[in-house]
Amino acid sequence: MELGWTLARVRDVLGGQLHGPEDMVVERFCRLELARANDISFVREVRYVEPGVASAAGALIVWEKQEAFGDRPQIVVPDVMMGLLQLLAVLNSERAEPIAVGVHPTAVVDPTVELGDGAAVGPLAVIEADAKIGARTQIGPGAIVGRRASLGEDTVVHPRAVIHHDVEIGSRVIIWSNAVIGRDGFGFVPTPDGTFVRLPHLGTVIIEDDAEIGACATVDRAMIDETVIGRAVKIDAHCHVAHNCRIGARSMLAGYTKMAGSVTIGEGCLFAADASINEHLTIGDGAMVGAAARLRSDIPAGESWFGYPAVPAGRARRILAAQASLPEMRKLIKRIAKKLDIDLPKPGSS
Amino acid sequence: MELGWTLARVRDVLGGQLHGPEDMVVERFCRLELARANDISFVREVRYVEPGVASAAGALIVWEKQEAFGDRPQIVVPDVMMGLLQLLAVLNSERAEPIAVGVHPTAVVDPTVELGDGAAVGPLAVIEADAKIGARTQIGPGAIVGRRASLGEDTVVHPRAVIHHDVEIGSRVIIWSNAVIGRDGFGFVPTPDGTFVRLPHLGTVIIEDDAEIGACATVDRAMIDETVIGRAVKIDAHCHVAHNCRIGARSMLAGYTKMAGSVTIGEGCLFAADASINEHLTIGDGAMVGAAARLRSDIPAGESWFGYPAVPAGRARRILAAQASLPEMRKLIKRIAKKLDIDLPKPGSS
Amino acid sequence: MELGWTLARVRDVLGGQLHGPEDMVVERFCRLELARANDISFVREVRYVEPGVASAAGALIVWEKQEAFGDRPQIVVPDVMMGLLQLLAVLNSERAEPIAVGVHPTAVVDPTVELGDGAAVGPLAVIEADAKIGARTQIGPGAIVGRRASLGEDTVVHPRAVIHHDVEIGSRVIIWSNAVIGRDGFGFVPTPDGTFVRLPHLGTVIIEDDAEIGACATVDRAMIDETVIGRAVKIDAHCHVAHNCRIGARSMLAGYTKMAGSVTIGEGCLFAADASINEHLTIGDGAMVGAAARLRSDIPAGESWFGYPAVPAGRARRILAAQASLPEMRKLIKRIAKKLDIDLPKPGSS
């Protein structure tokens with residue numbers, strides 16, 4: 001991205017030490033692969049030093065001074081990712097384009113809606129009766145907020161997100177485009193004629209402060225109480241939180257994490273992408289779950305699990321290693337059986 | 001959820017027998033874990049009796065009188081889930097807030113559209129030329145109905161759902177927010193230069209009476225005939241039904257069930273979440289498919305399959321059990337080979 | 001679908017040879033299973049000859065004349081799928097219903113937007129400041145185009161798609177309903193108190209000419225440079241392209257293909273549905289990936305991989321075969337151990 005800053009200014013924003021000329025101007029801030037001689041890039045760990053050497057970047061942000069970069073200007077910061085965050089935050093605030101405060105004339109806002117100071121409602125948004133929109137909260141173009149839904153302060157609802165009736169959303173929450181919050185949970189009662197009758201869902205969804213819900217993600221309404229997304233939980237695109245689930249504070253769910261009903265996830269858990277979680281399971285605080293894991297049992301607090309089905313990581317690694325050598329295992333067993341003159345069992349006989 | 005009813009009233013709605021005071025008022029209807037002394041909760045099976053004992057709930061709905069609950073008031077109903085359904089239905093009808101009958105002034109409805117008696121079109125919905133909307137059908141805020149699409153009676157299209165041209169939808173169908181019905185199927189013809197040319201899709205989608213399509217689910221249009229969702233089929237959020245698929249009546253597909261083109265699913269099938277189904281497969285009537293199953297072959301009627309790849313359930317359980325013990329199997333084989341003085345095969349040599 | 005054409009007309013459109021009466025009229029063009037005596041269907045490979053014999057279709061399109069069909073009229077074309085494409089293209093152009101050229105009065109288009117000749121903006125679409133819409137490009141009802149986004153010529157944005165600010169989209173691109181292009185990537189920095197702080201994403205998304213993005217698919221914005229969807233890439237419904245990923249020209253990703261950040265996919269790759277790809281992986285040109293594959297390592301150019309985890313196809317087939325026989329392997333090993341008087345290892349002892 002375009003920068004056009006002196007190294008001194010970059011250093012000042014990052015709060016680090018500059019080894020190199022203060023007045024050198026870096027035109028862009030780029031990934032190592034894309035950087036040219038007038039650009040600055042970053043090297044955040046040992047494993048990126050070699051790509052850093054290969055990069056044409058004219059200056060580098062590093063976590064400690066690297067001999068390998070020779071004369072190239074370096075800015076040393078204690079935590080490169082934190083430095084990056086500060087740099088991006090400054091650039092972002094320079095470019096921020098919030099929706100104009102007030103209600104766009106094409107939005108459809110019921111007269112009973114409470115709008116906080118500085119709240120902004122974009123074109124063609126719909127806000128239904130008795131909803132509450134907190135101070136400085138932004139409702140993007142085409143977003144929908146249902147009856148009696150309440151949103152806190154400084155929350156951002158991106159274009160076309162749908163928030164159904166009675167949902168409670170905290171402050172500083174981000175809801176991305178095409179997310180659907182508060183659909184009735186997928187609950188039915190079987191009848192004697194083989195059809196299923198929908199269970200009305202009269203509960204709701206609570207999303208606590210500082211949480212984020214990704215694009216095309218869905219959070220279903222509880223049957224009689226609440227589905228809860230805890231404080232500062234980050235949920236990626238395409239995830240699904242079913243009815244009556246509860247996700248503890250600060251947990252992070254990468255894309256396509258999906259759970260059946262009444263799952264309880266502790267605080268500070270990490271899910272890599274595409275995990276599937278059976279109903280009623282409990283995942284303990286601080287648990288870590290690998291990508292595409294298939295959860296069929298509870299996970300104790302602090303443990304790391306993965307696999308299909310998921311098991312503790314150490315065990316999963318051994319199973320995977322054995323699975324990778326299955327063809328040779330099979331061959332060896334046949335040779336042994338032959339040597340011992342034992343008949344092979346027929347498939348399906350065990 | 002708030003109730004404020006006497007136990008007598010709860011009993012009358014459930015149609016059961018009350019063991020306890022008729023005039024006791026229960027303030028809320030809650031899950032066992034959340035219930036307090038003035039609340040009523042439910043215990044639907046033996047496995048919930050222990051949590052019932054632990055719960056603070058002041059009264060309980062049960063399937064037969066439980067000694068374990070001592071003096072606590074109990075309402076006995078033959079089928080707790082059916083009772084629950086009746087209770088929720090009564091509460092739901094008390095709270096129902098249908099969209100106002102008629103066309104909201106901000107909706108864009110082509111003059112050629114046929115609107116049945118009591119139909120309702122919400123704010124900023126779009127209904128294109130020659131579409132037909134049956135009696136009492138509700139088109140939510142921001143929903144789109146394409147040209148010549150037809151919807152039956154008492155159907156509900158939730159906010160922001162998209163129904164493309166010519167799609168045929170029956171009566172009492174529910175389409176959830178951000179579902180997309182009638183996208184052109186993902187069909188291309190490869191060309192000699194390595195690119196793919198889109199096959200126009202001139203077929204359509206038929207969704208029969210009493211079906212439900214979940215939030216962010218997609219149902220693709222057939223190339224030349226129809227993709228069919230049968231009567232009373234229930235499809236959960238994030239599912240995908242590809243072009244030319246046919247799903248038999250009363251089947252239920254939990255979240256992220258996904259299928260390639262021309263799959264045929266029988267009547268009364270059950271798919272747990274996240275199954276993936278190869279193209280052209282046939283799943284027989286009444287088949288059951290486990291969570292995250294990977295279907296590579298047909299399933300005969302009435303069978304239960306799961307696994308990666310999916311196989312009949314009994315076989316899948318044995319494979320899973322063996323897989324879980326793979327590290328020990330591997331160790332044992334090595335010991336045997338050593339004892340017999342047989343060389344281990346090299347990886348990849350089989 | 002309805003046709004009502006003479007066989008001569010069908011032949012002329014397909015450019016093939018007719019064996020049968022020129023003046024015979026075929027009422028519909030159908031799949032083999034649905035065709036009746038007045039309909040025409042198609043048989044594109046040897047494996048469909050038997051279903052063709054069983055079909056009631058009155059005429060058949062074939063790749064070479066089939067004795068098996070006896071006296072039934074046949075139209076022989078060198079490539080049945082290409083013929084089909086021509087036929088469907090003709091039918092499609094007869095029925096095309098583009099959005100009316102110009103801006104619908106209910107659309108909200110900023111005065112700074114540049115609209116090319118023949119561009120069309122549907123009802124209730126929103127186009128924000130400084131966006132550019134190329135000649136003959138169609139913005140469907142309710143679609144959103146953010147600030148400074150640019151779209152080329154003859155591109156089609158279907159109803160309710162969301163294109164965020166600054167995204168660059170080429171010509172002849174198709175974006176389906178409820179796709180979300182340009183969400184901020186799922187990138188956070190952990191803080192000492194255990195929460196995650198959002199990294200502002202100041203990069204963008206580039207979608208090159210002739211690409212297609214499916215319904216409910218999401219393509220995330222890069223942190224500082226670009227997420228790139230190459231020329232003529234076809235992406236199906238429910239796919240996710242994370243921040244900083246790059247997909248080479250002509251690659252095809254079937255439904256639910258999902259990738260973590262900074263994945264590089266070469267040109268001409270094919271992904272069957274539901275693959276999951278770890279971050280930073282590189283997939284070589286022309287690689288093929290099987291359905292529901294779980295990618296944990298790079299794939300060299302031209303290779304075909306599948307499985308959980310994915311390995312080269314030949315190896316994957318051998319592992320699957322051995323896995324399918326695991327119960328018998330286990331039984332055999334126990335018998336061998338018994339015969340040799342070796343104790344079985346305890347679970348978890350390896």
# chains A, B, ... in the order shown; residues from 1 in each chain; ligands from 1

call {"tool": "interface_residues", "arguments": {"of": "chain A", "to": "chain B", "cutoff": "6 Å", "atoms": "only C-alpha atoms", "output": "short mmCIF file (atom, residue, chain, number, x, y, z; two decimals) with N, CA and C atoms, in the first residue's frame"}}
result
data_model
loop_
_atom_site.label_atom_id
_atom_site.label_comp_id
_atom_site.auth_asym_id
_atom_site.auth_seq_id
_atom_site.Cartn_x
_atom_site.Cartn_y
_atom_site.Cartn_z
N THR A 195 -43.26 -36.66 9.23
CA THR A 195 -42.82 -35.29 8.97
C THR A 195 -42.30 -34.68 10.27
N LEU A 199 -40.28 -26.39 15.81
CA LEU A 199 -40.39 -25.85 17.17
C LEU A 199 -40.23 -24.33 17.09
N PRO A 200 -41.24 -23.59 17.52
CA PRO A 200 -41.05 -22.14 17.55
C PRO A 200 -39.86 -21.82 18.47
N ILE A 224 -35.63 -21.36 24.11
CA ILE A 224 -36.32 -20.63 25.16
C ILE A 224 -35.44 -19.68 25.96
N ASP A 225 -34.12 -19.74 25.77
CA ASP A 225 -33.30 -18.79 26.52
C ASP A 225 -32.37 -18.03 25.56
N ARG A 318 0.38 -39.48 16.38
CA ARG A 318 0.79 -40.88 16.24
C ARG A 318 -0.18 -41.66 15.35
N ILE A 319 -1.46 -41.35 15.48
CA ILE A 319 -2.43 -42.03 14.61
C ILE A 319 -2.19 -41.65 13.15
N ALA A 322 0.85 -43.43 11.81
CA ALA A 322 0.57 -44.83 11.53
C ALA A 322 -0.31 -44.96 10.29
N GLU A 328 2.26 -50.06 3.99
CA GLU A 328 3.40 -50.90 4.35
C GLU A 328 3.05 -51.83 5.51
#

call {"tool": "select_by_dssp", "arguments": {"residues": "region 181-266 of chain B", "states": "strand (DSSP E)", "output": "PyMOL selection string"}}
result
chain B and resi 181-184+188-190+196-198+204-207+212-213+218-221+226-229+234-235+240-241+246-247+252-253+258-259+264-265

call {"tool": "write_last_selection", "arguments": {"atoms": "N, CA and C atoms", "output": "tab-separated table (two decimals), in the first residue's frame"}}
result
chain	number	residue	atom	x	y	z
B	181	ILE	N	-31.95	-18.98	-3.89
B	181	ILE	CA	-32.65	-20.06	-4.59
B	181	ILE	C	-32.63	-19.77	-6.08
B	182	GLY	N	-32.06	-20.70	-6.85
B	182	GLY	CA	-32.14	-20.56	-8.30
B	182	GLY	C	-30.94	-19.91	-8.96
B	183	ARG	N	-29.79	-19.92	-8.29
B	183	ARG	CA	-28.56	-19.56	-9.01
B	183	ARG	C	-28.34	-20.56	-10.13
B	184	ASP	N	-27.72	-20.14	-11.22
B	184	ASP	CA	-27.36	-21.10	-12.27
B	184	ASP	C	-26.39	-22.12	-11.69
B	188	PHE	N	-19.84	-26.02	-16.49
B	188	PHE	CA	-18.99	-25.40	-17.48
B	188	PHE	C	-18.56	-26.43	-18.50
B	189	VAL	N	-18.15	-25.95	-19.66
B	189	VAL	CA	-17.57	-26.84	-20.67
B	189	VAL	C	-16.12	-26.43	-20.86
B	190	PRO	N	-15.19	-27.40	-20.72
B	190	PRO	CA	-13.77	-27.05	-20.92
B	190	PRO	C	-13.51	-26.78	-22.40
B	196	PHE	N	-12.84	-22.44	-19.12
B	196	PHE	CA	-14.14	-23.09	-19.02
B	196	PHE	C	-15.21	-22.10	-19.46
B	197	VAL	N	-16.12	-22.57	-20.29
B	197	VAL	CA	-17.22	-21.71	-20.73
B	197	VAL	C	-18.47	-22.09	-19.96
B	198	ARG	N	-19.14	-21.09	-19.44
B	198	ARG	CA	-20.35	-21.34	-18.65
B	198	ARG	C	-21.44	-21.99	-19.48
B	204	THR	N	-34.95	-24.96	-13.71
B	204	THR	CA	-35.41	-24.17	-12.57
B	204	THR	C	-35.27	-24.96	-11.27
B	205	VAL	N	-35.85	-24.41	-10.22
B	205	VAL	CA	-35.89	-25.06	-8.91
B	205	VAL	C	-37.36	-25.17	-8.51
B	206	ILE	N	-37.75	-26.33	-8.00
B	206	ILE	CA	-39.09	-26.51	-7.44
B	206	ILE	C	-38.94	-26.85	-5.96
B	207	ILE	N	-39.60	-26.07	-5.12
B	207	ILE	CA	-39.60	-26.35	-3.68
B	207	ILE	C	-41.03	-26.65	-3.28
B	212	GLU	N	-38.47	-26.20	4.21
B	212	GLU	CA	-37.78	-25.05	4.83
B	212	GLU	C	-36.35	-25.01	4.32
B	213	ILE	N	-35.88	-23.81	4.00
B	213	ILE	CA	-34.51	-23.62	3.50
B	213	ILE	C	-33.80	-22.67	4.45
B	218	THR	N	-27.97	-22.49	-0.26
B	218	THR	CA	-28.13	-22.22	-1.70
B	218	THR	C	-28.70	-23.44	-2.41
B	219	VAL	N	-29.62	-23.19	-3.31
B	219	VAL	CA	-30.21	-24.26	-4.12
B	219	VAL	C	-30.08	-23.83	-5.58
B	220	ASP	N	-29.33	-24.59	-6.35
B	220	ASP	CA	-29.02	-24.17	-7.72
B	220	ASP	C	-30.07	-24.67	-8.72
B	221	ARG	N	-30.25	-23.90	-9.74
B	221	ARG	CA	-31.14	-24.18	-10.86
B	221	ARG	C	-30.58	-25.33	-11.71
B	226	GLU	N	-35.39	-29.62	-13.64
B	226	GLU	CA	-35.61	-29.03	-12.32
B	226	GLU	C	-34.72	-29.63	-11.24
B	227	THR	N	-34.26	-28.80	-10.36
B	227	THR	CA	-33.77	-29.23	-9.06
B	227	THR	C	-34.99	-29.27	-8.16
B	228	VAL	N	-35.18	-30.38	-7.42
B	228	VAL	CA	-36.43	-30.53	-6.68
B	228	VAL	C	-36.17	-30.74	-5.18
B	229	ILE	N	-36.78	-29.90	-4.37
B	229	ILE	CA	-36.79	-30.06	-2.92
B	229	ILE	C	-38.19	-30.57	-2.58
B	234	LYS	N	-36.56	-30.42	5.24
B	234	LYS	CA	-36.02	-29.36	6.09
B	234	LYS	C	-34.52	-29.24	5.82
B	235	ILE	N	-34.10	-28.09	5.35
B	235	ILE	CA	-32.69	-27.86	5.01
B	235	ILE	C	-32.16	-26.77	5.91
B	240	HIS	N	-25.96	-26.80	0.63
B	240	HIS	CA	-25.93	-26.53	-0.80
B	240	HIS	C	-26.54	-27.70	-1.57
B	241	VAL	N	-27.54	-27.36	-2.37
B	241	VAL	CA	-28.16	-28.36	-3.25
B	241	VAL	C	-27.80	-27.96	-4.68
B	246	ARG	N	-32.34	-34.03	-6.56
B	246	ARG	CA	-33.74	-34.25	-6.17
B	246	ARG	C	-33.75	-34.81	-4.75
B	247	ILE	N	-34.45	-34.13	-3.87
B	247	ILE	CA	-34.49	-34.55	-2.48
B	247	ILE	C	-35.91	-34.97	-2.15
B	252	MET	N	-34.36	-34.60	6.01
B	252	MET	CA	-33.84	-33.49	6.81
B	252	MET	C	-32.32	-33.42	6.63
B	253	LEU	N	-31.84	-32.23	6.27
B	253	LEU	CA	-30.41	-32.03	6.02
B	253	LEU	C	-29.89	-31.00	7.01
B	258	LYS	N	-23.86	-30.91	1.82
B	258	LYS	CA	-23.54	-30.34	0.51
B	258	LYS	C	-23.46	-31.45	-0.51
B	259	MET	N	-23.93	-31.19	-1.70
B	259	MET	CA	-23.93	-32.24	-2.70
B	259	MET	C	-23.53	-31.67	-4.06
B	264	THR	N	-29.52	-37.88	-6.07
B	264	THR	CA	-30.91	-38.20	-5.74
B	264	THR	C	-30.97	-38.70	-4.30
B	265	ILE	N	-31.74	-38.00	-3.49
B	265	ILE	CA	-31.91	-38.40	-2.09
B	265	ILE	C	-33.36	-38.85	-1.91

call {"tool": "atom_distance", "arguments": {"atom1": "CA of His104 (chain A)", "atom2": "CA of Ala120 (chain A)"}}
result
8.0 Å

call {"tool": "atom_distance", "arguments": {"atom1": "CA of Gly187 (chain B)", "atom2": "CA of Cys245 (chain C)"}}
result
24.5 Å

call {"tool": "residues_around", "arguments": {"residues": "Trp305 (chain B)", "least_positions_apart": "4", "cutoff": "7 Å", "atoms": "only C-alpha atoms", "output": "list of chain:residue names"}}
result
B:Met288, B:Val289, B:Gly290, B:Ala310, B:Val311, B:Pro312, B:Ala313

call {"tool": "residues_around", "arguments": {"residues": "Leu151 (chain A)", "least_positions_apart": "2", "cutoff": "6 Å", "atoms": "only C-alpha atoms", "output": "VMD selection string"}}
result
chain A and resid 133 to 134 169 to 170

call {"tool": "write_last_selection", "arguments": {"atoms": "N, CA and C atoms", "output": "PDB file, in the first residue's frame"}}
result
ATOM      1  N   ILE A 133     -30.416   1.728  18.930  1.00  0.00           N
ATOM      2  CA  ILE A 133     -29.105   1.829  18.288  1.00  0.00           C
ATOM      3  C   ILE A 133     -28.270   2.771  19.142  1.00  0.00           C
ATOM      4  N   GLY A 134     -27.137   2.271  19.678  1.00  0.00           N
ATOM      5  CA  GLY A 134     -26.340   3.071  20.601  1.00  0.00           C
ATOM      6  C   GLY A 134     -25.568   4.195  19.925  1.00  0.00           C
ATOM      7  N   ILE A 169     -27.045  -6.941  21.131  1.00  0.00           N
ATOM      8  CA  ILE A 169     -25.660  -6.825  20.685  1.00  0.00           C
ATOM      9  C   ILE A 169     -24.987  -5.718  21.484  1.00  0.00           C
ATOM     10  N   GLY A 170     -23.769  -5.987  21.945  1.00  0.00           N
ATOM     11  CA  GLY A 170     -23.070  -5.055  22.811  1.00  0.00           C
ATOM     12  C   GLY A 170     -22.409  -3.905  22.061  1.00  0.00           C
TER      13      GLY A 170
END

call {"tool": "residues_around", "arguments": {"residues": "Thr155 (chain C)", "least_positions_apart": "4", "cutoff": "8 Å", "atoms": "only C-alpha atoms", "output": "mmCIF file with C-alpha atoms, in the first residue's frame"}}
result
data_model
loop_
_atom_site.group_PDB
_atom_site.id
_atom_site.type_symbol
_atom_site.label_atom_id
_atom_site.label_comp_id
_atom_site.auth_asym_id
_atom_site.auth_seq_id
_atom_site.Cartn_x
_atom_site.Cartn_y
_atom_site.Cartn_z
ATOM 1 C CA GLY C 134 -17.958 -0.250 -17.073
ATOM 2 C CA ARG C 136 -22.908 -2.768 -20.350
ATOM 3 C CA THR C 137 -22.195 -3.958 -16.804
ATOM 4 C CA GLN C 138 -25.300 -4.915 -14.812
ATOM 5 C CA LEU C 151 -15.933 -2.899 -12.414
ATOM 6 C CA GLY C 170 -12.500 -6.940 -14.444
ATOM 7 C CA SER C 171 -14.684 -7.453 -17.492
ATOM 8 C CA ARG C 172 -17.152 -10.269 -18.149
ATOM 9 C CA VAL C 173 -16.985 -11.246 -14.483
ATOM 10 C CA ILE C 174 -20.047 -12.808 -12.800
#

call {"tool": "closest_residue", "arguments": {"among": "C:Val145, C:Leu270, C:Gly58, C:Gly4", "to": "Gly194 (chain B)", "atoms": "only C-alpha atoms"}}
result
C:Leu270

call {"tool": "residues_around", "arguments": {"residues": "Gly20 (chain C)", "least_positions_apart": "3", "cutoff": "8 Å", "atoms": "only C-alpha atoms", "output": "JSON, numbers by chain"}}
result
{"C": [72, 73, 74]}

call {"tool": "write_last_selection", "arguments": {"atoms": "N, CA and C atoms", "output": "PDB file, in the first residue's frame"}}
result
ATOM      1  N   ARG C  72     -34.525 -44.949 -33.744  1.00  0.00           N
ATOM      2  CA  ARG C  72     -34.767 -43.614 -33.183  1.00  0.00           C
ATOM      3  C   ARG C  72     -33.886 -42.574 -33.858  1.00  0.00           C
ATOM      4  N   PRO C  73     -34.460 -41.427 -34.209  1.00  0.00           N
ATOM      5  CA  PRO C  73     -33.640 -40.378 -34.817  1.00  0.00           C
ATOM      6  C   PRO C  73     -32.463 -39.995 -33.910  1.00  0.00           C
ATOM      7  N   GLN C  74     -31.291 -39.804 -34.532  1.00  0.00           N
ATOM      8  CA  GLN C  74     -30.093 -39.403 -33.793  1.00  0.00           C
ATOM      9  C   GLN C  74     -29.443 -38.206 -34.494  1.00  0.00           C
TER      10      GLN C  74
END

call {"tool": "atom_distance", "arguments": {"atom1": "CA of Ala37 (chain A)", "atom2": "CA of Ile61 (chain A)"}}
result
14.4 Å

call {"tool": "closest_residue", "arguments": {"among": "B:Leu202, B:Ala125, B:Val76, B:Val113", "to": "Ala96 (chain C)", "atoms": "only C-alpha atoms"}}
result
B:Leu202

call {"tool": "select_by_dssp", "arguments": {"residues": "region 49-189 of chain A", "states": "helix (DSSP H, G or I)", "output": "PyMOL selection string"}}
result
chain A and resi 49-54+67-69+80-95

call {"tool": "write_last_selection", "arguments": {"atoms": "C-alpha atoms", "output": "compact mmCIF listing (two decimals), in the first residue's frame"}}
result
# COMPACT_ATOMS: atom_id res chain seq x y z
CA VAL A 49 15.02 -13.71 7.61
CA GLU A 50 15.95 -15.67 4.50
CA PRO A 51 12.98 -14.33 2.49
CA GLY A 52 13.99 -10.93 3.85
CA VAL A 53 17.49 -11.30 2.41
CA ALA A 54 15.99 -12.33 -0.93
CA GLU A 67 23.28 -8.93 10.52
CA ALA A 68 21.94 -10.77 7.49
CA PHE A 69 20.47 -7.57 6.07
CA VAL A 80 6.70 -6.60 14.98
CA MET A 81 3.03 -7.52 14.83
CA MET A 82 2.17 -4.90 17.48
CA GLY A 83 4.22 -2.37 15.53
CA LEU A 84 2.38 -3.32 12.38
CA LEU A 85 -0.91 -2.90 14.18
CA GLN A 86 0.07 0.63 15.21
CA LEU A 87 1.18 1.52 11.71
CA LEU A 88 -2.00 0.16 10.15
CA ALA A 89 -4.15 1.83 12.77
CA VAL A 90 -2.62 5.22 11.95
CA LEU A 91 -3.06 4.65 8.22
CA ASN A 92 -6.59 3.42 8.79
CA SER A 93 -7.62 6.44 10.82
CA GLU A 94 -6.25 8.70 8.09
CA ARG A 95 -8.46 6.95 5.57
